[in-house]
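Worksheet: one structure, shown below.
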Amino acid sequence: MYPWIPHPSGRPSSHQSYNPWGPGYRPYQIPPGTYQNFDQVSRGNSPHFASHPAAMKRTHNQAWHPQSLVSDLPGLSTSVPVNARKRQHESPVPNGSKRQRVDSPSPQQRGGRPIAVPYFHNQAVPGTSNAASPGSSQKNTHSQVPATSGSASTLQDYAKDKLSKQMVELFEACQQQACDLTRKETCRSRLQKDIQSVFPVARLYLTGSSMSGLGCRSSDADLCLVLRGSTQGSPDPIHILTVLQAFFRPLGYLEKIHLIRAKVPILRFREKGSGLEFDLNVNNTVGIRNTFLLRSYAYADLRVKPMILAVKKWARHHQINDASKGTLSSYTLVLMVLHYLQTLGEPVLPSLQKDFPECFNPSMEIDMIPEGPRHIPPYKSQNKSSLGDLLQGFLKYYSSTFRWDTQVISVREGKALPKNKSAEWRNKYICVEEPFERNNVARAVHEQMKFNTIKSKFAASTQILAQSKDLNALLPVRATISKEASRK
């Protein structure tokens, strides 16, 4: 159904192709102690994670190298400017790179059939080891696939008009940078070490937009604290967070700590000095799953990240991007964008869960989640629409085409589903399916007035943009960029 382009040799073809995990990422290279052997870790008998605090510290430091990892993160500080391209390089994997298993077969050998491991940029994800470790001689190279006639390999190819260029400018100025992720990862690492003095088998994961590649400079950081192996059943999140709230107060690097008793309880706090805000939950592991699913979509097509960032900024400016106030969460907006891109006559995106269900199995063990997309070949969309055209189409789709009263947005199925009479969808103003749990992530919109406001913003913005073709007519571009720049 979709033009997937395999690369059995592990090298890019001469035409447009994108690794859905981010350029050059090899999902099977996970260092021990990161996601591997998680069940053993939770029971306290992992050979990689001894119960002694000193052993924990050593294992933790071996598993995470934020300085080297974030410098290689795709889409952070290495985005291709609208008026520039990078040279192609060869990027060998250093001999010292860690593998998930010492005896792991090569990707071409697994399952007796080739597995595509395409190269686009040689970049890494936190928790992987294909980035140079501190002091290593590996070069931070970024291989740009040369453009060919009729194909697009940089954002410049999708930004010929004024509106599209404004979207690229906004994206390049506001997207999360390597230094932003370094700060988040440094705090996460410090927090995990401190938390393990209270809960020795705890593991702390950075999730959400910070890890999916869809974050901006002002994005907060989401943390998932995973506690397993309790002999008394699943731990009570409120109890755990209450304990941590008291434990965090004396810590000199945290401030403004308060517990939010939502459907998914969180502990919200800030890092002193930077003002960076964190939301910490307990055992909400679906956040880990959807983080890596969204990351796969984020790197399936170059237009996805600029499109999502522009929609988020538009919604925030028009005050319809705050679930706590009865409007749309950022996660809901992301799913709405992905759904629109899936349902075009010529899709920009496929449904990864539908086409590759084994790669995003909702029952997959946590340690295997980063490995899921390793079987997915690169994707090439035949849709050549500009960023500006896609933004106009997105607004028009939800103002006049999508039927809020009878349809459910489903990224999992890659289409709009009919509403049934289940309690999940009945009498709900906006229905957006969570790809794994299949509940309604737009349940915060529970007032008619807020729903009407959201619809009116879509309708008005559709008309304004159709007439002006100017992003400034929807939001103050320069002021938005200046606000992001203040987070440096």
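We name chains A, B, ... following the order of the structure tokens; residues begin at 1 in each chain, and ligands are numbered from 1 as shown.
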
Could you find all residues in range 193-442 of chain A that DSSP calls helix (DSSP H, G or I) from the backbone, and write them as a ChimeraX atom specification?
/A:193-195,209-212,237-248,286-298,304-317,323-325,330-342,352-355,357-360,366-375,387-401

Excluding range 344-349 of chain A and residues on its chain fewer than 6 positions from it, collect all residues at most 9 Å away from it, counting only C-alpha atoms, and give them as a PDB file with N, CA and C atoms, in the first residue's frame.
```
ATOM      1  N   TYR A   2       1.919   1.227   0.765  1.00  0.00           N
ATOM      2  CA  TYR A   2       2.770   2.395   0.866  1.00  0.00           C
ATOM      3  C   TYR A   2       4.126   2.092   0.255  1.00  0.00           C
ATOM      4  N   TYR A 297       7.132   8.515  13.750  1.00  0.00           N
ATOM      5  CA  TYR A 297       6.415   9.389  12.817  1.00  0.00           C
ATOM      6  C   TYR A 297       7.191  10.690  12.570  1.00  0.00           C
ATOM      7  N   ALA A 300       9.637  10.160   9.839  1.00  0.00           N
ATOM      8  CA  ALA A 300       9.191   9.489   8.611  1.00  0.00           C
ATOM      9  C   ALA A 300       9.159  10.445   7.424  1.00  0.00           C
ATOM     10  N   ASP A 301       8.973  11.728   7.697  1.00  0.00           N
ATOM     11  CA  ASP A 301       8.921  12.734   6.629  1.00  0.00           C
ATOM     12  C   ASP A 301       9.409  14.061   7.203  1.00  0.00           C
ATOM     13  N   ARG A 303       8.561  16.999   6.783  1.00  0.00           N
ATOM     14  CA  ARG A 303       7.553  18.032   7.049  1.00  0.00           C
ATOM     15  C   ARG A 303       6.825  17.850   8.371  1.00  0.00           C
ATOM     16  N   VAL A 304       6.956  16.684   8.976  1.00  0.00           N
ATOM     17  CA  VAL A 304       6.165  16.381  10.175  1.00  0.00           C
ATOM     18  C   VAL A 304       6.504  17.312  11.329  1.00  0.00           C
ATOM     19  N   LEU A 338      -0.993  14.172  12.863  1.00  0.00           N
ATOM     20  CA  LEU A 338      -0.620  12.901  12.244  1.00  0.00           C
ATOM     21  C   LEU A 338      -1.816  12.292  11.504  1.00  0.00           C
ATOM     22  N   TYR A 379      10.454   5.215   4.582  1.00  0.00           N
ATOM     23  CA  TYR A 379       9.188   5.530   3.920  1.00  0.00           C
ATOM     24  C   TYR A 379       9.371   6.708   2.980  1.00  0.00           C
ATOM     25  N   LYS A 380       8.771   6.616   1.816  1.00  0.00           N
ATOM     26  CA  LYS A 380       8.814   7.696   0.838  1.00  0.00           C
ATOM     27  C   LYS A 380       7.389   8.073   0.462  1.00  0.00           C
ATOM     28  N   SER A 381       7.015   9.294   0.774  1.00  0.00           N
ATOM     29  CA  SER A 381       5.687   9.778   0.403  1.00  0.00           C
ATOM     30  C   SER A 381       5.717  10.352  -1.002  1.00  0.00           C
ATOM     31  N   GLN A 382       4.663  10.076  -1.752  1.00  0.00           N
ATOM     32  CA  GLN A 382       4.520  10.647  -3.083  1.00  0.00           C
ATOM     33  C   GLN A 382       3.878  12.029  -3.029  1.00  0.00           C
ATOM     34  N   ASN A 383       3.448  12.432  -1.847  1.00  0.00           N
ATOM     35  CA  ASN A 383       2.830  13.740  -1.668  1.00  0.00           C
ATOM     36  C   ASN A 383       3.918  14.809  -1.610  1.00  0.00           C
ATOM     37  N   LYS A 384       3.855  15.783  -2.476  1.00  0.00           N
ATOM     38  CA  LYS A 384       4.873  16.829  -2.548  1.00  0.00           C
ATOM     39  C   LYS A 384       4.350  18.188  -2.094  1.00  0.00           C
ATOM     40  N   SER A 385       3.276  18.205  -1.337  1.00  0.00           N
ATOM     41  CA  SER A 385       2.686  19.462  -0.887  1.00  0.00           C
ATOM     42  C   SER A 385       3.668  20.266  -0.050  1.00  0.00           C
ATOM     43  N   GLY A 414      -5.103   4.900  11.011  1.00  0.00           N
ATOM     44  CA  GLY A 414      -4.788   5.769   9.885  1.00  0.00           C
ATOM     45  C   GLY A 414      -6.013   6.325   9.201  1.00  0.00           C
TER      46      GLY A 414
END
```

Counting only C-alpha atoms, what is within 12 Å of range 315-318 of chain A, bar same-chain residues fewer than 5 positions away, as an MDAnalysis selection string?
chainID A and resid 308:310 323 327:330 332:334 395 453:458 460:461 472:477 479:480

Any idea what's packed within 6 Å of range 200-205 of chain A, counting only C-alpha atoms, ignoring anything in its chain fewer than 3 positions away? Could you give it as JSON, numbers by chain?
{"A": [42, 192, 196, 197, 223, 224, 225, 226, 227]}

Can you measure CA of Val432 in chain A to CA of Val408 in chain A for me? One decimal in Å is fine.
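So the two atoms, CA of Val432 in chain A and CA of Val408 in chain A, lie 5.7 Å apart.
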
When distances are computed from only C-alpha atoms, which of A:Lys160, A:His375, A:Arg438, A:Arg188 shows the smallest separation from Asn290 in chain A?
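Checking each of A:Lys160, A:His375, A:Arg438, A:Arg188 against Asn290 in chain A, counting only C-alpha atoms, the winner is A:Arg438.
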
What does the structure give for the distance between CA of Leu387 in chain A and CA of Glu172 in chain A, in Å to one decimal?
13.7 Å

Counting only C-alpha atoms, which of A:Ser212, A:Thr401, A:Ser324, A:Gln156 gets nearest to Ser386 in chain A?
A:Gln156

Identify which of the residues A:Arg190, A:Ala485, A:Ile320, A:Arg374 lies closest to Gln177 in chain A, counting only C-alpha atoms when measuring atom-to-atom distances.
A:Ala485

Asp220 in chain A: which residues within 10 Å, counting only C-alpha atoms, same-chain residues fewer than 4 positions away excluded, as JSON, numbers by chain?
{"A": [184, 208, 209, 210, 215, 216, 270, 275, 276, 277, 278, 279]}

Can you write out the residues you just picked, keeping C-alpha atoms, as a PDB file, in the first residue's frame?
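Contents of selection18.pdb, as written:
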```
ATOM      1  CA  LYS A 184      16.982  17.702  30.956  1.00  0.00           C
ATOM      2  CA  GLY A 208       7.200  13.026  25.857  1.00  0.00           C
ATOM      3  CA  SER A 209       8.218  15.642  23.318  1.00  0.00           C
ATOM      4  CA  SER A 210      11.743  15.902  24.734  1.00  0.00           C
ATOM      5  CA  GLY A 215       9.755  19.386  21.495  1.00  0.00           C
ATOM      6  CA  CYS A 216      10.650  23.045  21.391  1.00  0.00           C
ATOM      7  CA  ARG A 270      11.191  22.958  38.802  1.00  0.00           C
ATOM      8  CA  GLY A 275      13.386  27.198  35.726  1.00  0.00           C
ATOM      9  CA  LEU A 276      12.915  23.959  33.778  1.00  0.00           C
ATOM     10  CA  GLU A 277       9.646  22.296  34.786  1.00  0.00           C
ATOM     11  CA  PHE A 278       9.233  18.539  35.193  1.00  0.00           C
ATOM     12  CA  ASP A 279       6.121  16.353  35.418  1.00  0.00           C
TER      13      ASP A 279
END
```

Please identify all polymer residues within 12 Å of His239 in chain A, counting only C-alpha atoms, omitting same-chain residues fewer than 2 positions from it, and present them as a PyMOL selection string.
chain A and resi 234-237+241-246+259+261+265-267+281-282

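Closest approach to Ser351 in chain A among A:Asp389, A:Glu413, A:Glu371, A:Asp157 is made by A:Glu413 (distances from only C-alpha atoms).
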
So what do you get for CA of Ser296 in chain A versus CA of Tyr397 in chain A, distance-wise?
23.8 Å

Using only C-alpha atoms, which protein or nucleic acid residues come within 6 Å of range 164-171 of chain A? Drop anything in the same chain fewer than 4 positions from it, and give the result as a PyMOL selection string.
chain A and resi 159+175+306+387-388

N, CA and C atoms of the current selection, written as a CSV table (one decimal), in the first residue's frame:
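Ended up saving to result-v3.csv:
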```csv
chain,number,residue,atom,x,y,z
A,159,ALA,N,9.5,24.5,0.8
A,159,ALA,CA,9.4,25.9,1.3
A,159,ALA,C,9.7,26.9,0.3
A,175,GLN,N,12.8,24.8,17.6
A,175,GLN,CA,12.9,23.4,18.0
A,175,GLN,C,13.9,23.2,19.1
A,306,PRO,N,8.2,20.4,11.5
A,306,PRO,CA,7.8,21.8,11.3
A,306,PRO,C,6.3,22.0,11.4
A,387,LEU,N,4.8,23.0,3.0
A,387,LEU,CA,4.4,23.1,4.3
A,387,LEU,C,3.2,24.0,4.5
A,388,GLY,N,3.2,25.1,3.7
A,388,GLY,CA,2.1,26.1,3.8
A,388,GLY,C,0.8,25.4,3.4
```
